[in-house]
Amino acid sequence: MTVRTRFAPSPTGYLHLGGARTALFSWAYARRFGGTFILRIEDTDLERSTPEAVQAILDGMQWLGLDHDEGPFYQMQRMDRYREVIAHMLAAGTAYHCYASPDEVEAMRERQRAAGDKPRYDGTWRPEPGKTLPAIPEGRQPVVRFKNPLDGDVSWDDAVKGTITISNRELDDFVIARPDGTPTYNFCVVVDDWDMQITHVIRGDDHVNNTPRQINVLKALGGTLPVYGHVPMILGADGEKLSKRHGAVSVMEYPAQGYLRDAMLNYLARLGWSHGDDEIFSLEQFCSWFDLDHLTKSPAQFNPEKLAWLNNHYIKTADNAELARLAMPELERDGAQLDGGPSLPEVIGLLKDRATTVNELADAAMLFYREPRPDPALLAQHLTDAARVALRQFAAAAGDIDWTREAISALMKQVLADCQLKMPQLAMPLRLLVTGQLQTPSVDAVLFLFGRDEVLSRLNAGLA
């Protein structure tokens, strides 16, 4: 069997973490077994679907690197196919026209609720042998309902939750086409999965209630059932379900905040799946390991601190030139004076071990690309008379040394010994005059990257 999976979002909003995880799991399963990954846009909700939401989904998939082999397919472009299948079902007797008005259906349900019964369609217009149907109301357009089996059970072996069995008596004859002829979600999904020969459906467990209805329709069409795997929802840090309405943000917020793709993929992979005690792994490793057997039955909880920790790891191991490319827009927005400054990749290499995000990295790098403006109060505190003497000695000797970290460090130690000072008494005012701030990485590394001429220029200006 050739594995064929799909990701089928509805474009009623952005791609959030729950959808991104579903896409990742479906994509990885196809990649693991050399199969096909299909992208399908379920855009039949005309009131809520927007072109902007479609683009947001495509942008999110592209950033994550989850390339599709087929698609994107759009349900609104498949209307003729859905109508063809509905006509076939009407002819075969597996679907029927229902002329009950919305008010009549609601009144029906109110009577059932009052009697303590589960509200459901009562089958008034369901054709049966020997049954006389009501007279068709003049001018009323019917819906099309699926003729659900009256007896027996719907059962499937869920790849995550195990065997699930639902009595057909719990289901009713649900609508598969509205009065204007447009098909409904549960029907379109079945036709799409059937036509696209989907073998594995991996999706959130909010779809469990849809599955028995979809299975019955697929059986009525003579289709082969895919393997279903319903993954538990992602909970927010507060324990509530992470959703578009509660705590979930667009996946594209994460690159904007300075998170790396590899960190996000690694993090999403561990939300509801595990491979022993492995916490950090590449996308290639994940694809080679991923299976449905190790998907967890309990909800996963989104942990921003864990994501930040992973992002720091990937920043520390990332290529400096690539990090510089990612940080550049943030630096330019902050007004960085990059011309004439030190090499940005080298600056990134010095700073990246401490950074949680690329944006933090850009903020830290700004000390190399702006004029120093030390706080006068800090200058008064640290630029003492003894410090001035030491700084002038350092500046006088700096022109004669090799400009390396080792030579700069040796010169500082020599000045400290000559002036009988401790390291903070020289390093603090040196940092203030050159960078404008007290906290920097190792001072010899900072001075080396600034370059001799810039360091001496800033020192002489500050000591004037």
# chains A, B, ... in the order shown; residues from 1 in each chain; ligands from 1
>>> select_by_dssp(residues="range 114-241 of chain A", states="strand (DSSP E)", output="PyMOL selection string")
chain A and resi 143-146+153-158+162-167+175-177+200-204+227-231+234-235
>>> write_last_selection(atoms="N, CA, C and O atoms", output="short mmCIF file (atom, residue, chain, number, x, y, z; two decimals), in the first residue's frame")
data_model
loop_
_atom_site.label_atom_id
_atom_site.label_comp_id
_atom_site.auth_asym_id
_atom_site.auth_seq_id
_atom_site.Cartn_x
_atom_site.Cartn_y
_atom_site.Cartn_z
N VAL A 143 -33.46 19.99 1.31
CA VAL A 143 -32.08 19.60 1.56
C VAL A 143 -31.95 18.14 1.12
O VAL A 143 -32.95 17.46 0.87
N VAL A 144 -30.71 17.67 1.02
CA VAL A 144 -30.47 16.25 0.77
C VAL A 144 -29.90 15.66 2.05
O VAL A 144 -28.93 16.20 2.61
N ARG A 145 -30.53 14.59 2.53
CA ARG A 145 -30.04 13.92 3.74
C ARG A 145 -29.46 12.55 3.38
O ARG A 145 -29.92 11.87 2.47
N PHE A 146 -28.44 12.16 4.14
CA PHE A 146 -27.87 10.82 4.01
C PHE A 146 -28.75 9.83 4.75
O PHE A 146 -29.20 10.09 5.87
N ASP A 153 -23.65 -0.93 14.57
CA ASP A 153 -22.67 0.00 15.12
C ASP A 153 -21.70 0.45 14.04
O ASP A 153 -21.54 -0.21 13.01
N VAL A 154 -21.07 1.59 14.30
CA VAL A 154 -19.93 2.04 13.51
C VAL A 154 -18.70 1.86 14.39
O VAL A 154 -18.66 2.39 15.51
N SER A 155 -17.72 1.13 13.91
CA SER A 155 -16.55 0.84 14.74
C SER A 155 -15.29 1.00 13.91
O SER A 155 -15.26 0.64 12.72
N TRP A 156 -14.27 1.58 14.52
CA TRP A 156 -12.98 1.67 13.86
C TRP A 156 -11.86 1.59 14.89
O TRP A 156 -12.04 1.93 16.05
N ASP A 157 -10.73 1.09 14.44
CA ASP A 157 -9.55 0.99 15.30
C ASP A 157 -8.74 2.27 15.12
O ASP A 157 -7.95 2.40 14.18
N ASP A 158 -8.94 3.21 16.03
CA ASP A 158 -8.25 4.48 15.94
C ASP A 158 -6.78 4.29 16.28
O ASP A 158 -6.44 3.64 17.28
N GLY A 162 -7.39 3.80 20.07
CA GLY A 162 -7.85 2.42 20.14
C GLY A 162 -9.22 2.26 19.50
O GLY A 162 -9.69 3.14 18.77
N THR A 163 -9.89 1.15 19.79
CA THR A 163 -11.18 0.87 19.16
C THR A 163 -12.26 1.82 19.68
O THR A 163 -12.42 2.00 20.89
N ILE A 164 -12.97 2.43 18.74
CA ILE A 164 -14.08 3.31 19.08
C ILE A 164 -15.33 2.76 18.40
O ILE A 164 -15.31 2.45 17.20
N THR A 165 -16.41 2.62 19.16
CA THR A 165 -17.65 2.07 18.62
C THR A 165 -18.80 3.02 18.95
O THR A 165 -18.96 3.44 20.11
N ILE A 166 -19.57 3.37 17.94
CA ILE A 166 -20.73 4.25 18.09
C ILE A 166 -21.95 3.53 17.52
O ILE A 166 -21.90 3.00 16.41
N SER A 167 -23.04 3.53 18.27
CA SER A 167 -24.28 2.92 17.76
C SER A 167 -24.88 3.82 16.69
O SER A 167 -24.92 5.04 16.83
N VAL A 175 -27.65 16.24 7.00
CA VAL A 175 -27.77 16.94 5.72
C VAL A 175 -26.43 16.87 4.98
O VAL A 175 -25.37 17.19 5.53
N ILE A 176 -26.48 16.45 3.71
CA ILE A 176 -25.27 16.44 2.89
C ILE A 176 -25.29 17.51 1.80
O ILE A 176 -24.26 17.77 1.17
N ALA A 177 -26.46 18.11 1.57
CA ALA A 177 -26.55 19.24 0.64
C ALA A 177 -27.63 20.19 1.12
O ALA A 177 -28.72 19.77 1.51
N HIS A 200 -4.43 7.36 5.29
CA HIS A 200 -4.29 7.67 6.72
C HIS A 200 -4.78 9.09 6.98
O HIS A 200 -4.28 10.03 6.36
N VAL A 201 -5.75 9.21 7.87
CA VAL A 201 -6.28 10.51 8.26
C VAL A 201 -5.80 10.81 9.68
O VAL A 201 -6.25 10.19 10.64
N ILE A 202 -4.87 11.75 9.80
CA ILE A 202 -4.35 12.18 11.10
C ILE A 202 -4.91 13.57 11.36
O ILE A 202 -4.68 14.50 10.58
N ARG A 203 -5.68 13.72 12.43
CA ARG A 203 -6.32 15.00 12.70
C ARG A 203 -6.63 15.12 14.18
O ARG A 203 -6.46 14.17 14.96
N GLY A 204 -7.08 16.31 14.60
CA GLY A 204 -7.39 16.55 16.00
C GLY A 204 -8.59 15.76 16.46
O GLY A 204 -9.48 15.42 15.67
N VAL A 227 -7.08 4.63 7.60
CA VAL A 227 -6.74 4.52 9.03
C VAL A 227 -6.95 5.91 9.64
O VAL A 227 -6.42 6.90 9.13
N TYR A 228 -7.73 5.96 10.71
CA TYR A 228 -7.96 7.24 11.39
C TYR A 228 -7.09 7.30 12.65
O TYR A 228 -6.99 6.32 13.40
N GLY A 229 -6.50 8.44 12.87
CA GLY A 229 -5.75 8.69 14.09
C GLY A 229 -6.09 10.07 14.61
O GLY A 229 -5.76 11.07 13.97
N HIS A 230 -6.78 10.11 15.76
CA HIS A 230 -7.24 11.39 16.30
C HIS A 230 -6.34 11.82 17.46
O HIS A 230 -6.31 11.17 18.50
N VAL A 231 -5.61 12.90 17.22
CA VAL A 231 -4.61 13.38 18.16
C VAL A 231 -5.27 14.32 19.18
O VAL A 231 -6.03 15.21 18.79
N ILE A 234 -4.13 20.45 21.91
CA ILE A 234 -3.04 21.11 22.62
C ILE A 234 -3.66 22.07 23.63
O ILE A 234 -4.55 22.85 23.30
N LEU A 235 -3.18 21.99 24.86
CA LEU A 235 -3.66 22.89 25.90
C LEU A 235 -2.71 24.07 26.04
O LEU A 235 -1.50 23.94 25.85
#
>>> residues_around(residues="Thr50 in chain A", least_positions_apart="4", cutoff="9 Å", atoms="only C-alpha atoms", output="PDB file with C-alpha atoms, in the first residue's frame")
ATOM      1  CA  PRO A  11      -9.381  29.012   5.607  1.00  0.00           C
ATOM      2  CA  THR A  12     -11.368  30.765   8.311  1.00  0.00           C
ATOM      3  CA  GLY A  13      -8.279  32.112  10.075  1.00  0.00           C
ATOM      4  CA  ASP A  43     -13.294  26.443   1.731  1.00  0.00           C
ATOM      5  CA  LEU A  46     -18.312  30.936   2.233  1.00  0.00           C
ATOM      6  CA  VAL A  54      -5.775  30.842   2.453  1.00  0.00           C
ATOM      7  CA  GLN A  55      -2.555  32.801   1.984  1.00  0.00           C
TER       8      GLN A  55
END
>>> residues_around(residues="range 78-89 of chain A", least_positions_apart="6", cutoff="9 Å", atoms="only C-alpha atoms", output="PDB file with all heavy atoms, in the first residue's frame")
ATOM      1  N   ALA A  95     -29.417   8.343  -0.236  1.00  0.00           N
ATOM      2  CA  ALA A  95     -29.701   9.715   0.173  1.00  0.00           C
ATOM      3  C   ALA A  95     -31.096  10.059  -0.314  1.00  0.00           C
ATOM      4  O   ALA A  95     -31.642   9.388  -1.202  1.00  0.00           O
ATOM      5  CB  ALA A  95     -28.666  10.685  -0.406  1.00  0.00           C
ATOM      6  N   TYR A  96     -31.697  11.091   0.266  1.00  0.00           N
ATOM      7  CA  TYR A  96     -33.072  11.445  -0.121  1.00  0.00           C
ATOM      8  C   TYR A  96     -33.310  12.933   0.111  1.00  0.00           C
ATOM      9  O   TYR A  96     -32.588  13.595   0.864  1.00  0.00           O
ATOM     10  CB  TYR A  96     -34.088  10.610   0.658  1.00  0.00           C
ATOM     11  CG  TYR A  96     -34.027  10.791   2.160  1.00  0.00           C
ATOM     12  CD1 TYR A  96     -34.819  11.740   2.804  1.00  0.00           C
ATOM     13  CD2 TYR A  96     -33.171  10.004   2.939  1.00  0.00           C
ATOM     14  CE1 TYR A  96     -34.778  11.908   4.185  1.00  0.00           C
ATOM     15  CE2 TYR A  96     -33.118  10.147   4.307  1.00  0.00           C
ATOM     16  CZ  TYR A  96     -33.912  11.110   4.932  1.00  0.00           C
ATOM     17  OH  TYR A  96     -33.853  11.274   6.289  1.00  0.00           O
ATOM     18  N   VAL A 144     -30.708  17.670   1.023  1.00  0.00           N
ATOM     19  CA  VAL A 144     -30.473  16.247   0.771  1.00  0.00           C
ATOM     20  C   VAL A 144     -29.895  15.660   2.051  1.00  0.00           C
ATOM     21  O   VAL A 144     -28.934  16.198   2.614  1.00  0.00           O
ATOM     22  CB  VAL A 144     -29.514  16.021  -0.409  1.00  0.00           C
ATOM     23  CG1 VAL A 144     -29.247  14.520  -0.596  1.00  0.00           C
ATOM     24  CG2 VAL A 144     -30.079  16.618  -1.685  1.00  0.00           C
ATOM     25  N   PHE A 146     -28.443  12.159   4.140  1.00  0.00           N
ATOM     26  CA  PHE A 146     -27.868  10.825   4.008  1.00  0.00           C
ATOM     27  C   PHE A 146     -28.747   9.831   4.749  1.00  0.00           C
ATOM     28  O   PHE A 146     -29.197  10.085   5.868  1.00  0.00           O
ATOM     29  CB  PHE A 146     -26.452  10.810   4.580  1.00  0.00           C
ATOM     30  CG  PHE A 146     -25.858   9.432   4.680  1.00  0.00           C
ATOM     31  CD1 PHE A 146     -25.648   8.674   3.537  1.00  0.00           C
ATOM     32  CD2 PHE A 146     -25.524   8.890   5.919  1.00  0.00           C
ATOM     33  CE1 PHE A 146     -25.113   7.394   3.623  1.00  0.00           C
ATOM     34  CE2 PHE A 146     -24.979   7.612   6.015  1.00  0.00           C
ATOM     35  CZ  PHE A 146     -24.774   6.861   4.865  1.00  0.00           C
ATOM     36  N   ILE A 176     -26.484  16.454   3.712  1.00  0.00           N
ATOM     37  CA  ILE A 176     -25.270  16.439   2.894  1.00  0.00           C
ATOM     38  C   ILE A 176     -25.295  17.509   1.801  1.00  0.00           C
ATOM     39  O   ILE A 176     -24.263  17.773   1.175  1.00  0.00           O
ATOM     40  CB  ILE A 176     -25.001  15.045   2.280  1.00  0.00           C
ATOM     41  CG1 ILE A 176     -26.136  14.626   1.336  1.00  0.00           C
ATOM     42  CG2 ILE A 176     -24.783  14.009   3.376  1.00  0.00           C
ATOM     43  CD1 ILE A 176     -25.849  13.309   0.605  1.00  0.00           C
ATOM     44  N   ALA A 177     -26.461  18.108   1.573  1.00  0.00           N
ATOM     45  CA  ALA A 177     -26.546  19.240   0.636  1.00  0.00           C
ATOM     46  C   ALA A 177     -27.634  20.193   1.116  1.00  0.00           C
ATOM     47  O   ALA A 177     -28.718  19.772   1.507  1.00  0.00           O
ATOM     48  CB  ALA A 177     -26.832  18.771  -0.785  1.00  0.00           C
ATOM     49  N   GLY A 181     -28.127  23.628  -2.927  1.00  0.00           N
ATOM     50  CA  GLY A 181     -27.340  22.600  -3.599  1.00  0.00           C
ATOM     51  C   GLY A 181     -25.907  22.495  -3.132  1.00  0.00           C
ATOM     52  O   GLY A 181     -25.201  21.550  -3.515  1.00  0.00           O
ATOM     53  N   THR A 182     -25.445  23.440  -2.305  1.00  0.00           N
ATOM     54  CA  THR A 182     -24.044  23.359  -1.852  1.00  0.00           C
ATOM     55  C   THR A 182     -23.902  22.233  -0.841  1.00  0.00           C
ATOM     56  O   THR A 182     -24.711  22.095   0.080  1.00  0.00           O
ATOM     57  CB  THR A 182     -23.574  24.679  -1.225  1.00  0.00           C
ATOM     58  OG1 THR A 182     -24.428  25.007  -0.123  1.00  0.00           O
ATOM     59  CG2 THR A 182     -23.590  25.801  -2.240  1.00  0.00           C
ATOM     60  N   PRO A 183     -22.870  21.411  -0.994  1.00  0.00           N
ATOM     61  CA  PRO A 183     -22.686  20.268  -0.087  1.00  0.00           C
ATOM     62  C   PRO A 183     -22.130  20.707   1.266  1.00  0.00           C
ATOM     63  O   PRO A 183     -21.575  21.794   1.404  1.00  0.00           O
ATOM     64  CB  PRO A 183     -21.678  19.400  -0.840  1.00  0.00           C
ATOM     65  CG  PRO A 183     -20.900  20.366  -1.670  1.00  0.00           C
ATOM     66  CD  PRO A 183     -21.849  21.457  -2.058  1.00  0.00           C
ATOM     67  N   PHE A 187     -19.836  15.667   4.163  1.00  0.00           N
ATOM     68  CA  PHE A 187     -19.957  14.982   2.867  1.00  0.00           C
ATOM     69  C   PHE A 187     -18.743  15.255   1.986  1.00  0.00           C
ATOM     70  O   PHE A 187     -18.156  14.334   1.416  1.00  0.00           O
ATOM     71  CB  PHE A 187     -21.241  15.425   2.167  1.00  0.00           C
ATOM     72  CG  PHE A 187     -21.379  14.872   0.784  1.00  0.00           C
ATOM     73  CD1 PHE A 187     -21.715  13.542   0.578  1.00  0.00           C
ATOM     74  CD2 PHE A 187     -21.142  15.670  -0.327  1.00  0.00           C
ATOM     75  CE1 PHE A 187     -21.826  13.019  -0.701  1.00  0.00           C
ATOM     76  CE2 PHE A 187     -21.250  15.154  -1.612  1.00  0.00           C
ATOM     77  CZ  PHE A 187     -21.594  13.827  -1.798  1.00  0.00           C
ATOM     78  N   CYS A 188     -18.346  16.515   1.874  1.00  0.00           N
ATOM     79  CA  CYS A 188     -17.209  16.865   1.008  1.00  0.00           C
ATOM     80  C   CYS A 188     -15.935  16.143   1.433  1.00  0.00           C
ATOM     81  O   CYS A 188     -15.150  15.677   0.601  1.00  0.00           O
ATOM     82  CB  CYS A 188     -16.967  18.375   1.023  1.00  0.00           C
ATOM     83  SG  CYS A 188     -18.304  19.350   0.324  1.00  0.00           S
ATOM     84  N   VAL A 191     -15.958  12.528   0.109  1.00  0.00           N
ATOM     85  CA  VAL A 191     -15.708  12.435  -1.331  1.00  0.00           C
ATOM     86  C   VAL A 191     -14.244  12.747  -1.645  1.00  0.00           C
ATOM     87  O   VAL A 191     -13.609  12.071  -2.456  1.00  0.00           O
ATOM     88  CB  VAL A 191     -16.656  13.384  -2.099  1.00  0.00           C
ATOM     89  CG1 VAL A 191     -16.353  13.343  -3.595  1.00  0.00           C
ATOM     90  CG2 VAL A 191     -18.111  12.997  -1.847  1.00  0.00           C
ATOM     91  N   ASP A 192     -13.711  13.763  -0.982  1.00  0.00           N
ATOM     92  CA  ASP A 192     -12.312  14.126  -1.215  1.00  0.00           C
ATOM     93  C   ASP A 192     -11.371  12.992  -0.813  1.00  0.00           C
ATOM     94  O   ASP A 192     -10.459  12.625  -1.567  1.00  0.00           O
ATOM     95  CB  ASP A 192     -11.951  15.384  -0.422  1.00  0.00           C
ATOM     96  CG  ASP A 192     -12.632  16.629  -0.964  1.00  0.00           C
ATOM     97  OD1 ASP A 192     -13.103  16.581  -2.119  1.00  0.00           O
ATOM     98  OD2 ASP A 192     -12.685  17.637  -0.242  1.00  0.00           O
ATOM     99  N   ALA A 220     -21.268   3.637   2.128  1.00  0.00           N
ATOM    100  CA  ALA A 220     -22.377   3.708   1.164  1.00  0.00           C
ATOM    101  C   ALA A 220     -21.867   3.935  -0.247  1.00  0.00           C
ATOM    102  O   ALA A 220     -22.499   3.497  -1.219  1.00  0.00           O
ATOM    103  CB  ALA A 220     -23.331   4.830   1.568  1.00  0.00           C
ATOM    104  N   LEU A 221     -20.722   4.595  -0.364  1.00  0.00           N
ATOM    105  CA  LEU A 221     -20.133   4.846  -1.685  1.00  0.00           C
ATOM    106  C   LEU A 221     -19.256   3.678  -2.154  1.00  0.00           C
ATOM    107  O   LEU A 221     -18.775   3.695  -3.288  1.00  0.00           O
ATOM    108  CB  LEU A 221     -19.287   6.123  -1.639  1.00  0.00           C
ATOM    109  CG  LEU A 221     -20.063   7.420  -1.400  1.00  0.00           C
ATOM    110  CD1 LEU A 221     -19.089   8.591  -1.215  1.00  0.00           C
ATOM    111  CD2 LEU A 221     -21.003   7.705  -2.559  1.00  0.00           C
TER     112      LEU A 221
END
>>> closest_residue(among="A:Gln62, A:Ser10, A:Thr5, A:Gln337", to="Val251 in chain A", atoms="only C-alpha atoms")
A:Gln62
>>> closest_residue(among="A:Leu225, A:Cys98, A:Val105, A:Met252", to="Trp125 in chain A", atoms="only C-alpha atoms")
A:Cys98
>>> closest_atom_pairs(of="range 244-270 of chain A", to="range 21-37 of chain A", cutoff="12 Å", atoms="only C-alpha atoms", output="tab-separated table")
residue	atom	partner	partner_atom	distance
A:Val251	CA	A:Arg21	CA	10.4
A:Met264	CA	A:Arg21	CA	9.9
A:Leu265	CA	A:Leu24	CA	7.8
A:Asn266	CA	A:Leu24	CA	10.2
A:Tyr267	CA	A:Arg21	CA	9.4
A:Leu268	CA	A:Arg21	CA	5.6
A:Ala269	CA	A:Arg21	CA	7.1
A:Arg270	CA	A:Arg21	CA	9.5
>>> select_by_dssp(residues="range 155-258 of chain A", states="alpha helix (DSSP H)", output="list in words")
Tyr185, Asn186, Phe187, Cys188, Val189, Val190, Val191, Asp192, Asp193, Trp194, Asp195, Thr211, Pro212, Arg213, Gln214, Ile215, Asn216, Val217, Leu218, Lys219, Ala220, Glu253, Tyr254, Pro255 and Ala256 of chain A
>>> write_last_selection(atoms="C-alpha atoms", output="compact mmCIF listing (two decimals), in the first residue's frame")
# COMPACT_ATOMS: atom_id res chain seq x y z
CA TYR A 185 -18.49 19.59 5.32
CA ASN A 186 -18.94 15.96 6.38
CA PHE A 187 -19.96 14.98 2.87
CA CYS A 188 -17.21 16.86 1.01
CA VAL A 189 -14.53 15.39 3.26
CA VAL A 190 -15.65 11.87 2.44
CA VAL A 191 -15.71 12.44 -1.33
CA ASP A 192 -12.31 14.13 -1.22
CA ASP A 193 -10.70 11.37 0.84
CA TRP A 194 -12.26 8.76 -1.45
CA ASP A 195 -11.23 10.44 -4.70
CA THR A 211 -15.85 10.10 11.98
CA PRO A 212 -18.81 7.65 12.31
CA ARG A 213 -20.89 9.79 9.93
CA GLN A 214 -18.04 9.94 7.44
CA ILE A 215 -17.43 6.20 7.70
CA ASN A 216 -21.08 5.44 6.95
CA VAL A 217 -21.07 7.69 3.90
CA LEU A 218 -17.82 6.18 2.66
CA LYS A 219 -19.24 2.67 3.06
CA ALA A 220 -22.38 3.71 1.16
CA GLU A 253 4.03 35.17 14.58
CA TYR A 254 6.92 32.92 15.56
CA PRO A 255 9.39 33.87 12.81
CA ALA A 256 8.34 37.49 13.39
>>> residues_around(residues="Met233 in chain A", least_positions_apart="4", cutoff="7 Å", atoms="only C-alpha atoms", output="PyMOL selection string")
chain A and resi 204-205+241+299-300
>>> residues_around(residues="Trp289 in chain A", least_positions_apart="2", cutoff="8 Å", atoms="only C-alpha atoms", output="compact mmCIF listing (two decimals) with C-alpha atoms, in the first residue's frame")
# COMPACT_ATOMS: atom_id res chain seq x y z
CA ARG A 32 8.61 8.08 6.52
CA HIS A 275 10.87 8.76 20.73
CA GLN A 285 15.60 12.07 12.27
CA PHE A 286 11.97 12.81 13.07
CA CYS A 287 10.84 11.58 9.66
CA ASP A 291 5.01 6.43 13.66
>>> residues_around(residues="Ala464 in chain A", least_positions_apart="4", cutoff="12 Å", atoms="only C-alpha atoms", output="list of chain:residue names")
A:Arg388, A:Leu391, A:Arg392, A:Leu433, A:Leu456, A:Ser457, A:Arg458, A:Leu459, A:Asn460
>>> write_last_selection(atoms="N, CA, C and O atoms", output="mmCIF file, in the first residue's frame")
data_model
loop_
_atom_site.group_PDB
_atom_site.id
_atom_site.type_symbol
_atom_site.label_atom_id
_atom_site.label_comp_id
_atom_site.auth_asym_id
_atom_site.auth_seq_id
_atom_site.Cartn_x
_atom_site.Cartn_y
_atom_site.Cartn_z
ATOM 1 N N ARG A 388 40.538 57.192 34.400
ATOM 2 C CA ARG A 388 41.006 58.024 33.276
ATOM 3 C C ARG A 388 42.479 57.786 32.994
ATOM 4 O O ARG A 388 42.886 57.668 31.827
ATOM 5 N N LEU A 391 42.799 54.382 31.339
ATOM 6 C CA LEU A 391 42.281 54.383 29.970
ATOM 7 C C LEU A 391 43.220 55.104 29.014
ATOM 8 O O LEU A 391 43.405 54.681 27.864
ATOM 9 N N ARG A 392 43.821 56.185 29.461
ATOM 10 C CA ARG A 392 44.772 56.891 28.598
ATOM 11 C C ARG A 392 46.001 56.022 28.334
ATOM 12 O O ARG A 392 46.536 56.008 27.214
ATOM 13 N N LEU A 433 32.451 53.800 27.522
ATOM 14 C CA LEU A 433 32.916 54.742 26.505
ATOM 15 C C LEU A 433 32.834 54.157 25.093
ATOM 16 O O LEU A 433 32.560 54.869 24.134
ATOM 17 N N LEU A 456 39.789 53.414 19.543
ATOM 18 C CA LEU A 456 40.587 54.576 19.929
ATOM 19 C C LEU A 456 39.816 55.866 19.699
ATOM 20 O O LEU A 456 39.909 56.824 20.484
ATOM 21 N N SER A 457 39.036 55.932 18.621
ATOM 22 C CA SER A 457 38.239 57.118 18.352
ATOM 23 C C SER A 457 37.227 57.353 19.465
ATOM 24 O O SER A 457 37.057 58.488 19.951
ATOM 25 N N ARG A 458 36.550 56.294 19.885
ATOM 26 C CA ARG A 458 35.531 56.425 20.942
ATOM 27 C C ARG A 458 36.171 56.743 22.292
ATOM 28 O O ARG A 458 35.639 57.538 23.083
ATOM 29 N N LEU A 459 37.301 56.106 22.574
ATOM 30 C CA LEU A 459 38.001 56.365 23.825
ATOM 31 C C LEU A 459 38.459 57.818 23.896
ATOM 32 O O LEU A 459 38.252 58.502 24.905
ATOM 33 N N ASN A 460 39.093 58.261 22.836
ATOM 34 C CA ASN A 460 39.624 59.646 22.850
ATOM 35 C C ASN A 460 38.497 60.672 22.951
ATOM 36 O O ASN A 460 38.624 61.678 23.641
#
>>> residues_around(residues="Ala445 in chain A", least_positions_apart="5", cutoff="10 Å", atoms="only C-alpha atoms", output="compact mmCIF listing (two decimals) with N, CA and C atoms, in the first residue's frame")
# COMPACT_ATOMS: atom_id res chain seq x y z
N VAL A 347 29.83 39.30 14.67
CA VAL A 347 29.12 39.80 15.85
C VAL A 347 28.11 38.75 16.34
N LEU A 350 29.68 36.00 18.30
CA LEU A 350 30.02 36.37 19.67
C LEU A 350 28.81 36.35 20.59
N THR A 404 44.46 41.57 18.40
CA THR A 404 43.85 40.27 18.61
C THR A 404 43.28 40.26 20.02
N ARG A 405 42.37 39.33 20.26
CA ARG A 405 41.79 39.23 21.61
C ARG A 405 42.87 38.98 22.65
N GLU A 406 43.81 38.11 22.29
CA GLU A 406 44.85 37.76 23.25
C GLU A 406 45.71 38.97 23.59
N ILE A 408 44.90 42.19 23.25
CA ILE A 408 44.09 43.18 23.97
C ILE A 408 43.98 42.79 25.43
N SER A 409 43.71 41.51 25.70
CA SER A 409 43.60 41.03 27.07
C SER A 409 44.91 41.22 27.83
N THR A 440 28.17 43.67 28.54
CA THR A 440 28.52 43.19 27.20
C THR A 440 29.17 41.83 27.35
N PHE A 450 35.13 45.64 17.30
CA PHE A 450 35.00 47.05 16.93
C PHE A 450 36.16 47.50 16.04
>>> closest_residue(among="A:Val160, A:Ala100, A:Met366, A:Ala135", to="Pro179 in chain A", atoms="only C-alpha atoms")
A:Ala100
>>> atom_distance(atom1="CA of Val389 in chain A", atom2="CA of Val434 in chain A")
16.3 Å
>>> atom_distance(atom1="CA of Ala56 in chain A", atom2="CA of Tyr14 in chain A")
5.4 Å
>>> closest_residue(among="A:Pro72, A:Ala377, A:Leu15, A:Val3", to="Ala53 in chain A", atoms="only C-alpha atoms")
A:Leu15
>>> atom_distance(atom1="CA of Cys419 in chain A", atom2="CA of Leu463 in chain A")
17.2 Å
>>> closest_atom_pairs(of="range 245-268 of chain A", to="range 306-320 of chain A", cutoff="7 Å", atoms="only C-alpha atoms", output="JSON lines")
{"residue": "A:Tyr259", "atom": "CA", "partner": "A:Asn311", "partner_atom": "CA", "distance": 6.2}
{"residue": "A:Leu260", "atom": "CA", "partner": "A:Asn311", "partner_atom": "CA", "distance": 6.4}
{"residue": "A:Ala263", "atom": "CA", "partner": "A:Asn311", "partner_atom": "CA", "distance": 5.1}
{"residue": "A:Tyr267", "atom": "CA", "partner": "A:Leu307", "partner_atom": "CA", "distance": 6.2}
>>> write_last_selection(atoms="N, CA, C and O atoms", output="PDB file, in the first residue's frame")
ATOM      1  N   TYR A 259      11.843  33.197  16.183  1.00  0.00           N
ATOM      2  CA  TYR A 259      12.009  31.755  16.383  1.00  0.00           C
ATOM      3  C   TYR A 259      12.444  31.108  15.077  1.00  0.00           C
ATOM      4  O   TYR A 259      12.027  31.516  13.996  1.00  0.00           O
ATOM      5  N   LEU A 260      13.274  30.090  15.204  1.00  0.00           N
ATOM      6  CA  LEU A 260      13.800  29.387  14.034  1.00  0.00           C
ATOM      7  C   LEU A 260      12.872  28.242  13.645  1.00  0.00           C
ATOM      8  O   LEU A 260      12.271  27.587  14.507  1.00  0.00           O
ATOM      9  N   ALA A 263      13.629  24.865  15.299  1.00  0.00           N
ATOM     10  CA  ALA A 263      13.207  24.807  16.701  1.00  0.00           C
ATOM     11  C   ALA A 263      11.713  24.571  16.795  1.00  0.00           C
ATOM     12  O   ALA A 263      11.238  23.768  17.616  1.00  0.00           O
ATOM     13  N   TYR A 267       9.886  21.335  18.367  1.00  0.00           N
ATOM     14  CA  TYR A 267       8.944  21.504  19.469  1.00  0.00           C
ATOM     15  C   TYR A 267       7.586  20.885  19.141  1.00  0.00           C
ATOM     16  O   TYR A 267       7.012  20.150  19.960  1.00  0.00           O
TER      17      TYR A 267
END
